[in-house]
Structure formats: structure tokens, C-alpha cells
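**Student:** Dropping in entry.txt, with compact mmCIF, C-alpha atoms.
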```txt
# COMPACT_ATOMS: atom_id res chain seq x y z
CA MET A 17 0.00 0.00 0.00
CA LEU A 18 2.81 2.37 0.91
CA LEU A 19 4.61 1.69 -2.36
CA THR A 20 1.42 2.43 -4.28
CA THR A 21 1.00 5.71 -2.41
CA LEU A 22 4.62 6.62 -3.09
CA HIS A 23 4.16 5.85 -6.77
CA LEU A 24 1.05 8.02 -7.00
CA ALA A 25 2.76 10.87 -5.16
CA TRP A 26 5.83 10.67 -7.41
CA ARG A 27 3.66 10.58 -10.54
CA GLU A 28 1.79 13.69 -9.40
CA LEU A 29 5.03 15.57 -8.73
CA ARG A 30 6.40 14.64 -12.14
CA ALA A 31 3.16 15.73 -13.80
CA ASN A 32 3.72 19.23 -12.36
CA LEU A 33 7.50 19.25 -12.58
CA MET A 34 8.10 22.99 -12.86
CA ARG A 35 5.76 23.75 -9.97
CA SER A 36 7.45 21.08 -7.87
CA ILE A 37 10.90 22.55 -8.57
CA LEU A 38 9.80 26.07 -7.70
CA THR A 39 8.12 24.82 -4.53
CA THR A 40 11.31 23.14 -3.29
CA LEU A 41 13.48 26.23 -3.89
CA GLY A 42 12.81 27.53 -0.38
CA ILE A 43 13.92 24.23 1.14
CA ILE A 44 16.94 24.03 -1.19
CA VAL A 45 18.12 27.53 -0.30
CA GLY A 46 17.54 27.00 3.42
CA VAL A 47 19.37 23.68 3.66
CA ALA A 48 22.21 24.88 1.42
CA ALA A 49 22.64 28.02 3.53
CA VAL A 50 22.70 26.10 6.82
CA VAL A 51 25.18 23.51 5.51
CA MET A 52 27.46 26.20 4.07
CA VAL A 53 27.43 28.34 7.23
CA VAL A 54 28.12 25.42 9.56
CA THR A 55 30.76 23.84 7.32
CA LEU A 56 32.61 27.12 6.81
CA GLY A 57 32.28 27.92 10.52
CA GLN A 58 33.90 24.62 11.44
CA GLY A 59 36.64 25.21 8.87
CA VAL A 60 37.35 28.66 10.31
CA THR A 61 37.39 27.22 13.84
CA GLN A 62 39.85 24.51 12.83
CA GLN A 63 42.06 27.04 11.07
CA ILE A 64 42.07 29.38 14.06
CA THR A 65 42.85 26.51 16.44
CA SER A 66 45.69 25.40 14.20
CA ASP A 67 47.06 28.94 13.97
CA ILE A 68 46.95 29.38 17.73
CA ALA A 69 48.65 26.03 18.21
CA SER A 70 51.44 27.25 15.91
CA LEU A 71 52.38 29.71 18.66
CA GLY A 72 53.79 26.70 20.47
CA ARG A 73 52.62 23.79 22.57
CA ASN A 74 51.83 24.25 26.26
CA ILE A 75 52.65 27.95 26.15
CA LEU A 76 51.86 30.52 28.83
CA PHE A 77 51.82 34.24 28.04
CA VAL A 78 52.46 36.50 31.03
CA PHE A 79 52.03 40.26 30.73
CA PRO A 80 51.51 43.07 33.27
CA ALA A 81 47.87 44.09 33.01
CA VAL A 82 44.76 44.20 35.17
CA GLN A 83 41.71 42.53 33.66
CA GLN A 84 38.70 44.81 34.15
CA ARG A 85 35.07 43.74 34.13
CA SER A 86 34.53 45.99 31.14
CA GLY A 87 36.91 47.55 28.66
CA PRO A 88 40.46 46.57 27.69
CA PRO A 89 43.14 45.47 30.20
CA VAL A 90 44.92 48.28 32.05
CA GLN A 91 48.71 48.29 31.72
CA VAL A 92 50.59 48.44 35.01
CA GLN A 93 54.12 47.99 36.36
CA PRO A 94 56.19 45.95 33.87
CA PHE A 95 58.34 42.97 34.71
CA ARG A 96 62.08 43.04 35.38
CA ALA A 97 64.88 40.61 34.60
CA ALA A 98 64.79 39.48 38.25
CA ASP A 99 61.19 38.26 37.73
CA VAL A 100 62.32 36.12 34.82
CA ARG A 101 65.20 34.62 36.83
CA ALA A 102 62.85 33.89 39.74
CA ILE A 103 60.47 32.01 37.46
CA GLU A 104 63.36 30.01 35.97
CA ARG A 105 64.72 29.07 39.41
CA GLN A 106 61.58 28.47 41.44
CA ILE A 107 58.99 27.03 39.04
CA SER A 108 59.36 23.38 38.14
CA GLY A 109 58.18 21.59 35.01
CA LEU A 110 59.23 24.28 32.53
CA ASN A 111 61.07 23.90 29.23
CA GLY A 112 62.12 27.53 29.13
CA VAL A 113 61.27 31.14 29.89
CA SER A 114 61.57 33.79 27.17
CA PRO A 115 61.50 37.47 28.19
CA GLU A 116 60.52 39.63 25.22
CA ALA A 117 60.29 43.31 24.33
CA SER A 118 59.13 44.66 20.97
CA ARG A 119 58.85 47.97 19.17
CA ALA A 120 57.84 48.86 15.62
CA ASN A 121 60.71 50.34 13.61
CA THR A 122 62.12 50.77 10.13
CA ALA A 123 64.93 48.64 8.74
CA LEU A 124 67.20 49.94 5.95
CA TYR A 125 69.53 48.12 3.59
CA GLY A 126 71.02 49.97 0.64
CA ASN A 127 68.17 51.86 -1.02
CA LYS A 128 65.49 49.55 0.43
CA LYS A 129 63.55 50.03 3.63
CA TRP A 130 60.89 48.04 5.45
CA ASP A 131 58.66 48.84 8.43
CA THR A 132 58.74 45.86 10.74
CA GLN A 133 58.60 44.69 14.34
CA VAL A 134 61.91 44.61 16.20
CA SER A 135 61.84 42.11 19.06
CA GLY A 136 64.38 41.64 21.79
CA ALA A 137 64.83 38.19 23.33
CA THR A 138 67.33 35.65 24.59
CA ASN A 139 68.16 32.27 23.08
CA SER A 140 65.24 30.84 25.07
CA PHE A 141 63.04 32.39 22.39
CA PHE A 142 63.79 29.60 19.90
CA PRO A 143 62.79 26.50 21.96
CA VAL A 144 59.96 28.27 23.78
CA ARG A 145 58.37 29.57 20.60
CA GLU A 146 59.33 26.39 18.71
CA TRP A 147 60.84 28.65 16.07
CA PRO A 148 64.14 27.25 14.74
CA ILE A 149 66.76 29.12 12.77
CA ALA A 150 66.87 28.17 9.09
CA GLN A 151 70.22 29.83 8.31
CA GLY A 152 73.05 31.14 10.45
CA ARG A 153 73.27 30.89 14.23
CA GLN A 154 71.80 31.99 17.55
CA PHE A 155 73.16 34.76 19.77
CA THR A 156 76.35 34.14 21.74
CA ALA A 157 76.49 34.71 25.49
CA GLY A 158 78.62 37.80 24.93
CA GLU A 159 76.16 39.26 22.42
CA ILE A 160 73.27 38.78 24.87
CA SER A 161 75.02 40.16 27.97
CA GLY A 162 76.74 42.98 26.12
CA GLY A 163 73.75 44.06 24.07
CA ARG A 164 75.66 43.70 20.79
CA ALA A 165 74.24 45.00 17.52
CA VAL A 166 73.42 41.70 15.85
CA CYS A 167 70.11 40.49 14.46
CA ILE A 168 68.23 37.50 13.07
CA LEU A 169 65.77 38.21 10.26
CA GLY A 170 62.28 36.87 9.77
CA ARG A 171 61.38 35.77 6.26
CA THR A 172 59.43 38.92 5.39
CA PRO A 173 62.19 41.52 6.04
CA LEU A 174 64.64 39.11 4.44
CA ARG A 175 62.55 39.10 1.27
CA GLU A 176 61.83 42.83 1.27
CA LEU A 177 65.38 44.00 2.01
CA PHE A 178 67.54 41.39 0.31
CA GLY A 179 65.40 39.66 -2.29
CA ARG A 180 67.60 36.84 -3.55
CA GLN A 181 70.83 38.33 -2.21
CA ARG A 182 72.73 36.68 0.63
CA ALA A 183 71.86 38.27 3.95
CA LEU A 184 74.24 36.58 6.38
CA GLY A 185 77.05 38.93 7.37
CA ALA A 186 75.34 41.99 5.85
CA GLU A 187 74.87 45.22 7.79
CA ILE A 188 71.37 46.68 8.05
CA ARG A 189 70.33 49.87 9.81
CA VAL A 190 67.61 49.81 12.44
CA ALA A 191 66.62 52.95 14.34
CA ASN A 192 69.87 54.91 14.62
CA PHE A 193 72.43 52.10 14.58
CA SER A 194 73.72 49.34 12.31
CA CYS A 195 73.49 45.66 13.12
CA THR A 196 74.99 42.55 11.58
CA VAL A 197 72.72 39.82 10.25
CA ILE A 198 73.77 36.52 11.87
CA GLY A 199 70.78 34.34 11.04
CA VAL A 200 67.42 33.82 9.36
CA LEU A 201 64.35 32.38 11.07
CA SER A 202 62.28 29.59 9.55
CA ALA A 203 58.91 30.57 8.09
CA LYS A 204 55.85 30.72 10.38
CA GLY A 205 53.14 32.22 8.18
CA GLN A 206 50.13 34.27 9.24
CA SER A 207 48.75 34.24 12.76
CA THR A 208 45.12 33.66 13.77
CA PHE A 209 44.20 37.28 13.23
CA GLY A 210 45.91 37.65 9.88
CA GLN A 211 49.17 39.09 11.22
CA ASP A 212 52.36 38.14 9.41
CA GLN A 213 54.39 36.30 12.06
CA ASP A 214 57.47 36.34 9.82
CA ASP A 215 57.55 40.14 9.78
CA LEU A 216 60.07 40.68 12.57
CA ILE A 217 63.73 41.26 13.29
CA LEU A 218 65.08 39.52 16.39
CA MET A 219 67.87 41.09 18.46
CA PRO A 220 69.37 40.44 21.91
CA LEU A 221 67.00 41.67 24.61
CA GLU A 222 69.40 44.21 26.06
CA THR A 223 70.10 45.64 22.61
CA VAL A 224 66.44 46.44 22.08
CA GLN A 225 66.01 47.70 25.65
CA ARG A 226 68.99 50.07 25.57
CA ARG A 227 69.09 51.26 21.98
CA ILE A 228 65.44 51.24 20.88
CA ILE A 229 63.05 51.25 23.85
CA GLY A 230 65.26 53.17 26.28
CA ASN A 231 64.48 51.21 29.46
CA ILE A 232 64.99 47.77 31.01
CA ASN A 233 61.31 46.87 31.22
CA ILE A 234 60.10 43.46 30.09
CA PRO A 235 56.54 43.84 28.79
CA ASN A 236 55.99 40.17 27.95
CA ILE A 237 57.18 36.79 29.25
CA VAL A 238 56.51 33.62 27.28
CA ILE A 239 56.85 30.34 29.18
CA SER A 240 56.95 26.82 27.77
CA VAL A 241 55.66 24.03 30.03
CA ARG A 242 56.90 20.48 29.54
CA THR A 243 53.51 18.79 29.23
CA ALA A 244 49.90 19.88 28.91
CA GLU A 245 49.10 18.21 32.25
CA LEU A 246 51.55 20.51 34.04
CA VAL A 247 50.10 23.74 32.57
CA PRO A 248 47.47 24.35 35.31
CA LYS A 249 50.01 23.72 38.10
CA ALA A 250 52.63 25.93 36.44
CA GLN A 251 50.06 28.70 35.97
CA LYS A 252 49.06 28.47 39.64
CA ASP A 253 52.70 28.45 40.84
CA ILE A 254 53.66 31.41 38.63
CA THR A 255 50.65 33.37 39.86
CA LYS A 256 51.64 32.75 43.49
CA LEU A 257 55.27 33.69 42.83
CA LEU A 258 54.46 36.90 40.98
CA ARG A 259 51.94 37.98 43.62
CA GLU A 260 54.67 37.64 46.23
CA ARG A 261 57.24 39.50 44.14
CA ARG A 262 54.82 42.30 43.26
CA ASN A 263 53.62 42.66 46.88
CA ILE A 264 49.97 41.95 46.14
CA ARG A 265 48.04 41.47 49.38
CA GLU A 266 45.49 38.73 49.91
CA GLY A 267 42.15 39.78 48.49
CA GLU A 268 43.67 42.22 45.98
CA ASN A 269 43.42 41.58 42.26
CA ASP A 270 46.46 40.48 40.27
CA ASN A 271 48.22 43.27 38.39
CA PHE A 272 49.34 40.80 35.76
CA THR A 273 47.60 38.36 33.44
CA ILE A 274 48.51 34.79 32.48
CA ARG A 275 47.01 33.24 29.37
CA ASP A 276 47.62 29.76 27.98
CA VAL A 277 47.25 28.70 24.36
CA ALA A 278 44.52 26.19 25.20
CA SER A 279 42.31 28.82 26.85
CA ILE A 280 42.85 31.23 23.96
CA ALA A 281 41.93 28.52 21.45
CA SER A 282 38.87 27.56 23.51
CA LEU A 283 37.71 31.17 23.75
CA VAL A 284 38.09 31.77 20.01
CA ALA A 285 36.43 28.43 19.17
CA SER A 286 33.44 29.15 21.43
CA THR A 287 33.05 32.63 19.93
CA THR A 288 33.15 31.20 16.42
CA ALA A 289 30.62 28.52 17.41
CA ILE A 290 28.21 31.17 18.73
CA LEU A 291 28.53 33.19 15.52
CA THR A 292 28.02 30.05 13.43
CA ALA A 293 24.91 29.10 15.43
CA GLY A 294 23.49 32.60 15.03
CA LEU A 295 24.07 32.65 11.29
CA SER A 296 22.63 29.14 10.98
CA GLY A 297 19.51 30.30 12.78
CA VAL A 298 19.10 33.15 10.34
CA ALA A 299 19.64 30.79 7.40
CA ALA A 300 17.12 28.33 8.85
CA ILE A 301 14.38 30.96 8.56
CA SER A 302 14.33 30.31 4.84
CA LEU A 303 13.42 26.69 5.66
CA LEU A 304 10.27 27.95 7.35
CA VAL A 305 9.55 30.08 4.31
CA GLY A 306 10.01 27.00 2.16
CA GLY A 307 7.61 25.07 4.41
CA ILE A 308 4.97 27.75 4.00
CA GLY A 309 5.47 27.52 0.23
CA ILE A 310 4.92 23.75 0.36
CA MET A 311 1.73 24.18 2.37
CA ASN A 312 0.45 26.79 -0.08
CA ILE A 313 1.11 24.61 -3.12
CA MET A 314 -0.43 21.56 -1.45
CA LEU A 315 -3.59 23.56 -0.70
CA VAL A 316 -3.70 24.59 -4.35
CA SER A 317 -3.19 20.97 -5.33
CA VAL A 318 -6.07 19.85 -3.09
CA THR A 319 -8.32 22.43 -4.71
CA GLU A 320 -7.30 21.38 -8.22
CA ARG A 321 -7.79 17.68 -7.49
CA THR A 322 -11.02 17.92 -5.54
CA ARG A 323 -12.94 15.85 -8.12
CA GLU A 324 -10.19 13.21 -8.18
CA ILE A 325 -10.33 13.00 -4.37
CA GLY A 326 -14.11 12.61 -4.52
CA ILE A 327 -13.83 9.74 -7.02
CA ARG A 328 -11.24 7.94 -4.84
CA LEU A 329 -13.41 8.30 -1.75
CA ALA A 330 -16.54 7.22 -3.67
CA ILE A 331 -14.99 3.98 -4.89
CA GLY A 332 -13.85 2.94 -1.43
CA ALA A 333 -10.61 4.77 -0.57
CA LEU A 334 -10.27 5.53 3.12
CA GLU A 335 -9.62 8.98 4.52
CA ARG A 336 -6.22 7.88 5.75
CA ASP A 337 -5.29 6.77 2.19
CA VAL A 338 -5.99 10.25 0.86
CA LEU A 339 -4.24 11.86 3.83
CA TRP A 340 -1.13 9.71 3.32
CA GLN A 341 -1.01 10.48 -0.40
CA PHE A 342 -0.93 14.24 0.08
CA LEU A 343 1.32 14.03 3.13
CA ILE A 344 3.83 11.88 1.24
CA GLU A 345 3.78 14.35 -1.66
CA ALA A 346 4.70 17.16 0.76
CA VAL A 347 7.43 15.06 2.40
CA LEU A 348 8.84 14.07 -1.00
CA LEU A 349 9.03 17.72 -2.02
CA SER A 350 10.83 18.71 1.18
CA CYS A 351 13.16 15.69 1.15
CA LEU A 352 14.15 16.28 -2.46
CA GLY A 353 14.82 19.90 -1.58
CA GLY A 354 16.87 18.74 1.42
CA VAL A 355 19.02 16.41 -0.67
CA ILE A 356 19.65 18.99 -3.40
CA GLY A 357 20.28 21.71 -0.81
CA ALA A 358 22.77 19.57 1.12
CA VAL A 359 24.71 18.77 -2.05
CA LEU A 360 24.74 22.41 -3.16
CA GLY A 361 25.75 23.50 0.35
CA LEU A 362 28.70 21.10 0.48
CA VAL A 363 29.87 22.04 -3.02
CA GLY A 364 29.46 25.75 -2.31
CA SER A 365 31.32 25.60 1.00
CA TRP A 366 34.13 23.61 -0.63
CA LEU A 367 34.46 26.24 -3.35
CA LEU A 368 34.47 29.06 -0.78
CA THR A 369 37.22 27.45 1.32
CA ILE A 370 39.66 28.04 -1.54
CA PRO A 371 39.58 31.88 -1.57
CA LEU A 372 39.06 32.03 2.20
CA GLY A 373 42.09 29.85 2.83
CA VAL A 374 40.38 27.61 5.42
CA PRO A 375 40.15 23.81 5.45
CA PHE A 376 37.03 22.02 4.23
CA VAL A 377 35.59 20.16 7.23
CA LEU A 378 32.89 17.65 6.30
CA SER A 379 30.50 17.00 9.21
CA PRO A 380 27.99 14.24 8.40
CA TRP A 381 25.77 15.29 11.33
CA VAL A 382 25.17 18.68 9.69
CA VAL A 383 23.86 17.00 6.54
CA VAL A 384 21.77 14.52 8.53
CA VAL A 385 20.25 17.19 10.77
CA SER A 386 19.51 19.50 7.82
CA PHE A 387 17.88 16.66 5.88
CA GLY A 388 15.88 15.60 8.95
CA PHE A 389 14.75 19.17 9.53
CA SER A 390 13.61 19.50 5.91
CA ALA A 391 11.64 16.24 6.22
CA ALA A 392 10.04 17.54 9.42
CA ILE A 393 9.10 20.75 7.58
CA GLY A 394 7.33 18.62 4.96
CA ILE A 395 5.38 16.71 7.60
CA ILE A 396 4.42 19.78 9.61
CA PHE A 397 3.40 22.00 6.71
CA GLY A 398 1.96 19.17 4.64
CA PHE A 399 -0.32 17.79 7.32
CA PHE A 400 -2.98 20.51 7.17
CA PRO A 401 -3.53 20.31 3.38
CA ALA A 402 -3.50 16.50 3.59
CA ARG A 403 -6.07 16.47 6.40
CA ARG A 404 -8.22 18.92 4.45
CA ALA A 405 -8.13 16.62 1.43
CA ALA A 406 -9.00 13.56 3.51
CA ARG A 407 -12.00 15.25 5.11
CA LEU A 408 -13.66 16.28 1.87
CA ASP A 409 -17.26 15.12 1.44
CA PRO A 410 -17.23 12.68 -1.53
CA ILE A 411 -20.58 13.94 -2.85
CA GLU A 412 -19.53 17.59 -2.70
CA ALA A 413 -16.16 16.72 -4.19
CA LEU A 414 -17.80 14.96 -7.15
CA ARG A 415 -19.94 18.00 -7.80
CA TYR A 416 -16.87 20.29 -7.81
CA GLU A 417 -16.05 21.84 -11.19
```
What do you get writing this file as C-alpha cells?
**Tutor:**
Amino acid sequence: MLLTTLHLAWRELRANLMRSILTTLGIIVGVAAVVMVVTLGQGVTQQITSDIASLGRNILFVFPAVQQRSGPPVQVQPFRAADVRAIERQISGLNGVSPEASRANTALYGNKKWDTQVSGATNSFFPVREWPIAQGRQFTAGEISGGRAVCILGRTPLRELFGRQRALGAEIRVANFSCTVIGVLSAKGQSTFGQDQDDLILMPLETVQRRIIGNINIPNIVISVRTAELVPKAQKDITKLLRERRNIREGENDNFTIRDVASIASLVASTTAILTAGLSGVAAISLLVGGIGIMNIMLVSVTERTREIGIRLAIGALERDVLWQFLIEAVLLSCLGGVIGAVLGLVGSWLLTIPLGVPFVLSPWVVVVSFGFSAAIGIIFGFFPARRAARLDPIEALRYE
């Protein structure tokens, strides 16, 4: 019986092919939009998580700032070299501690110049940041302690200043002094927020402090923890140590902030998920519009086929047979729209990942849920026209012209 009803429903849809296609457009657009938004949202989330992870594994970022309930963090007393040494000596489970200080500046070589970020650090920078040197060498102990004018180039200033020329041993001018290029960093690429991580020149910390910044402040400390399991303990121990060193009384807020890569990735991922859910909700509205279109067409179909319904009821068809026929027609329309929409959504999202530069993440549950929702739309919006058809009086229906 069900197969017969399916056959009749399919035959009716084929007989009005153009109307059927136009009716399913709302469902197609809705499902395609939902699938595209969710798929692209997951791709963006994965890309952001990957970019944040490229900062290094089990990393803690420590900077002097008070987190307010509203507004940006307030900068306070910076760190000193003694704070870095205390962390190195007293906190266990660390791979390294990298004090860093940065300032935007212009680098010159010959008749070329490039605006870049000049960062001061020690040799701990390389293992902590997991950023090896591709050419040349690290700083010597004498260069670090004496604040010598030497530098290691990121790939971007290397390309902009030297092109294909050899950079090692060359003299470039930064700020008001010349420095010797002793190395080239490996490529890192863009960060989560689109910043070029390779656009920097690395110098000994004291060189940047004395010659560029003009003080011995350390605005940022990056700490590498041995394992992910030790990150919470290390964060707790560092907080306790810095509170003691900065004379923060019990009950007072910290005047520094510690962030780990995992929490940053989680925050960004949750924000992206909320945006994706919101956009999916907006896109799903078109599914409701498509459902209303199906109900409208099915009501028109009932009106057009009133005499046919009367004949079926007169020769012995039950009300439930008529109800099932029209209900299955509505469900077929919505399901076909769901299938076509899911395919178009996946193809469209795959095409969009190319210019956006994000990975294509296929989530079967998105397709299943979208298809199920479209089928539910067909049942909900198709039930009223189907019930109306089933309740027609056979005599009145036969008289209908």
C-alpha cells in the first residue's frame, strides 16, 4: 500500500514538474545556507585553532595588566629581569622562559627600507616559541650580555630588504644604529588574526632595551611548560610567585595576566561557534519560508484535485489513504529539496574554502540534521492540506467543477 501511495505521489510531482521545482526552492536555499554556514564555521574554527597552536605547545603568556570587568586590560608595572630569573629558578616543570620586548621600527639596507617589528629576546626564544633558525646561528652569550648590535631576520624583512641576495654577514640599519645579520628564522606564516608572524627582526633583549626602547622593562614573558598536564600547576605556581614578588596582598586583584594557548583557542572556538549558530539560525528561517510555500502549493493541489479526491473516496478509498497520499507528496518535495540543498551547500562551501584559505571540514551530522529538519518541515506544513483533502465530502467533491 505504501509503495502504491509513493508511486502516486511521485507521478503527481512529475506531472507538475516545474511547480514542484519552484516549490522546493525555499527548502533548497535553506538547507544549502545552513550547511554552508556550519561547514565554513567549522573550517574557520579549525584554522584558528591550528594557527593558535602554531604559537607553540603548552605555552603561557604573562604580561603586566589588570583585567577589568569591562573595557580593555589596564597596563601596570612591567616585569624586570629578576622576575624572569625567579620564574626560571623556582617554578618546576618548565622547558624555558623567554622574556621579550618589541617595538615597531624601520629597517634599511642599501636603497630599500621596510617597516617591521623589532623584538628583543634571549636564546630561550627559539625553543619556547618552537621557532628554529633556518640559516646562520643563535646569539652568543657575549652578544646577549653585552647588548651587541646583531640580528636575526624573519622571512618577510629578508625578502623585502635582500630579495635573492645573501643576507648573512650583511649590515642593516635599524633605528639609529647598524646591526649585523647573523641568522634567518624559519617561516611561520600568518597568525590567527591575519598578522604576518614572519615580519620581525630579532635582536638580543638588552640591545632592544637600551638602543630602541630606552628602558629595562620586560613587557611580555613567554613560558613553555613540559607537558599539557603541568600547565594548570605551572600557571598556579607562577601566579603565586608573581603575587609575592609584586607585593599583592590577599584579596587584591592580580596586576598581571597569564594566558595559555589552550584557553585562547577555547575562547576563540566558542566565539566562532556562537557566531556560526546565530548565522545558521538566520539561514534556517528560509526553511520555514520553504515550508509555508509547500503548504500553499499543497492547498492549491487539493483544490485542483477535488474531483479526483471525490472519485477515490466514492470507490472505497479511506480517509487515511488520501491523507497519506498528500502528506507523502509534501514530504517528497521537502526531502528532495533537502538532498539537493545539502549537495549544493557542500559544493558551495568547498568552493568558498579556496579563496578564504580555510580547510574544508565535512560533518555528516550537519547534513543529517539538515535533511531531517527538511523532512520535518514537509510533515508539519503538509499535514494541514493532507487532512483537508482527507475530510472532503465525496458527494460535494464529485460536484466540484
**Student:** Using only C-alpha atoms, which residue out of A:Ile103, A:Arg262, A:Gln154, A:Glu176 lies closest to Lys129 (chain A)?
**Tutor:** A:Glu176
**Student:** Which one of A:Asn231, A:Ser379, A:Thr287, A:Asn312 sits closest to Gly361 (chain A) if you count all atoms listed in the file?
**Tutor:**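 Of A:Asn231, A:Ser379, A:Thr287, A:Asn312, the one nearest Gly361 (chain A), counting all atoms listed in the file, is A:Ser379.
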**Student:** One decimal, Å: what's the distance from CA of Thr369 (chain A) over to CA of Ile75 (chain A), could you say?
**Tutor:**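 These two atoms are separated by 29.2 Å.
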**Student:** Of the candidates A:Val54, A:Glu260, A:Leu76, A:Arg227, which one gets nearest to Ala191 (chain A) if we count all atoms listed in the file?
**Tutor:**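 Under the stated criterion, the closest residue is A:Arg227.
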**Student:** Go ahead and compute the interatomic distance for CA of Val363 (chain A) and CA of Leu348 (chain A), in Å to one decimal.
**Tutor:** 22.6 Å
**Student:** One decimal, Å: what's the distance from CA of Ile254 (chain A) over to CA of Asp276 (chain A), could you say?
**Tutor:**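 About the pair CA of Ile254 (chain A) and CA of Asp276 (chain A): they are 12.4 Å apart.
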**Student:** Given the choices A:Val277, A:Ala117, A:Val144, A:Ile107, which gets closest to Asn233 (chain A) if the distance is worked out from all atoms listed in the file?
**Tutor:**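 Counting all atoms listed in the file, the residue closest to Asn233 (chain A) is A:Ala117.
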**Student:** So which one's closest to Gly112 (chain A), A:Asn74, A:Gln151, A:Thr255, A:Ser161? Using all atoms listed in the file, please.
**Tutor:**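 Of all the options, A:Asn74 lies closest to Gly112 (chain A).
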**Student:** When distances are computed from only C-alpha atoms, which of A:Asn121, A:Ser135, A:Asn263, A:Thr273 shows the smallest separation from Gln251 (chain A)?
**Tutor:**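 Selected residue with least distance to Gln251 (chain A): A:Thr273.
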**Student:** Hey, could you pull the box centre and edge lengths for region 174-185 of chain A, axis-aligned, 5 Å padding per side, all listed atoms, to one decimal in Å, as lines of an AutoDock Vina configuration file?
**Tutor:**
```
center_x = 69.4
center_y = 40.3
center_z = 1.9
size_x = 25.2
size_y = 17.4
size_z = 20.9
```
**Student:** Rebuild N, CA and C atoms on region 165-178 of chain A, as a CSV table (one decimal), in the coordinates of the input?
**Tutor:**
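Full text of selection-v9.csv as output:
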```csv
chain,number,residue,atom,x,y,z
A,165,ALA,N,75.1,44.6,18.7
A,165,ALA,CA,74.2,45.0,17.5
A,165,ALA,C,74.3,43.9,16.5
A,166,VAL,N,73.6,42.8,16.8
A,166,VAL,CA,73.4,41.7,15.8
A,166,VAL,C,71.9,41.4,15.7
A,167,CYS,N,71.5,40.8,14.7
A,167,CYS,CA,70.1,40.5,14.5
A,167,CYS,C,69.9,39.2,13.6
A,168,ILE,N,68.7,38.7,13.8
A,168,ILE,CA,68.2,37.5,13.1
A,168,ILE,C,66.9,37.9,12.4
A,169,LEU,N,66.9,37.7,11.1
A,169,LEU,CA,65.8,38.2,10.3
A,169,LEU,C,64.7,37.2,10.1
A,170,GLY,N,63.4,37.7,10.2
A,170,GLY,CA,62.3,36.9,9.8
A,170,GLY,C,62.2,36.8,8.3
A,171,ARG,N,61.4,36.0,7.7
A,171,ARG,CA,61.4,35.8,6.3
A,171,ARG,C,60.9,37.0,5.5
A,172,THR,N,60.0,37.8,6.1
A,172,THR,CA,59.4,38.9,5.4
A,172,THR,C,60.5,40.0,5.2
A,173,PRO,N,61.1,40.5,6.3
A,173,PRO,CA,62.2,41.5,6.0
A,173,PRO,C,63.3,41.0,5.2
A,174,LEU,N,63.6,39.7,5.3
A,174,LEU,CA,64.6,39.1,4.4
A,174,LEU,C,64.3,39.3,3.0
A,175,ARG,N,63.0,39.0,2.6
A,175,ARG,CA,62.6,39.1,1.3
A,175,ARG,C,62.5,40.5,0.8
A,176,GLU,N,62.0,41.4,1.7
A,176,GLU,CA,61.8,42.8,1.3
A,176,GLU,C,63.1,43.6,1.2
A,177,LEU,N,64.1,43.3,2.0
A,177,LEU,CA,65.4,44.0,2.0
A,177,LEU,C,66.4,43.4,1.1
A,178,PHE,N,66.4,42.0,1.0
A,178,PHE,CA,67.5,41.4,0.3
A,178,PHE,C,67.1,40.7,-1.0
```
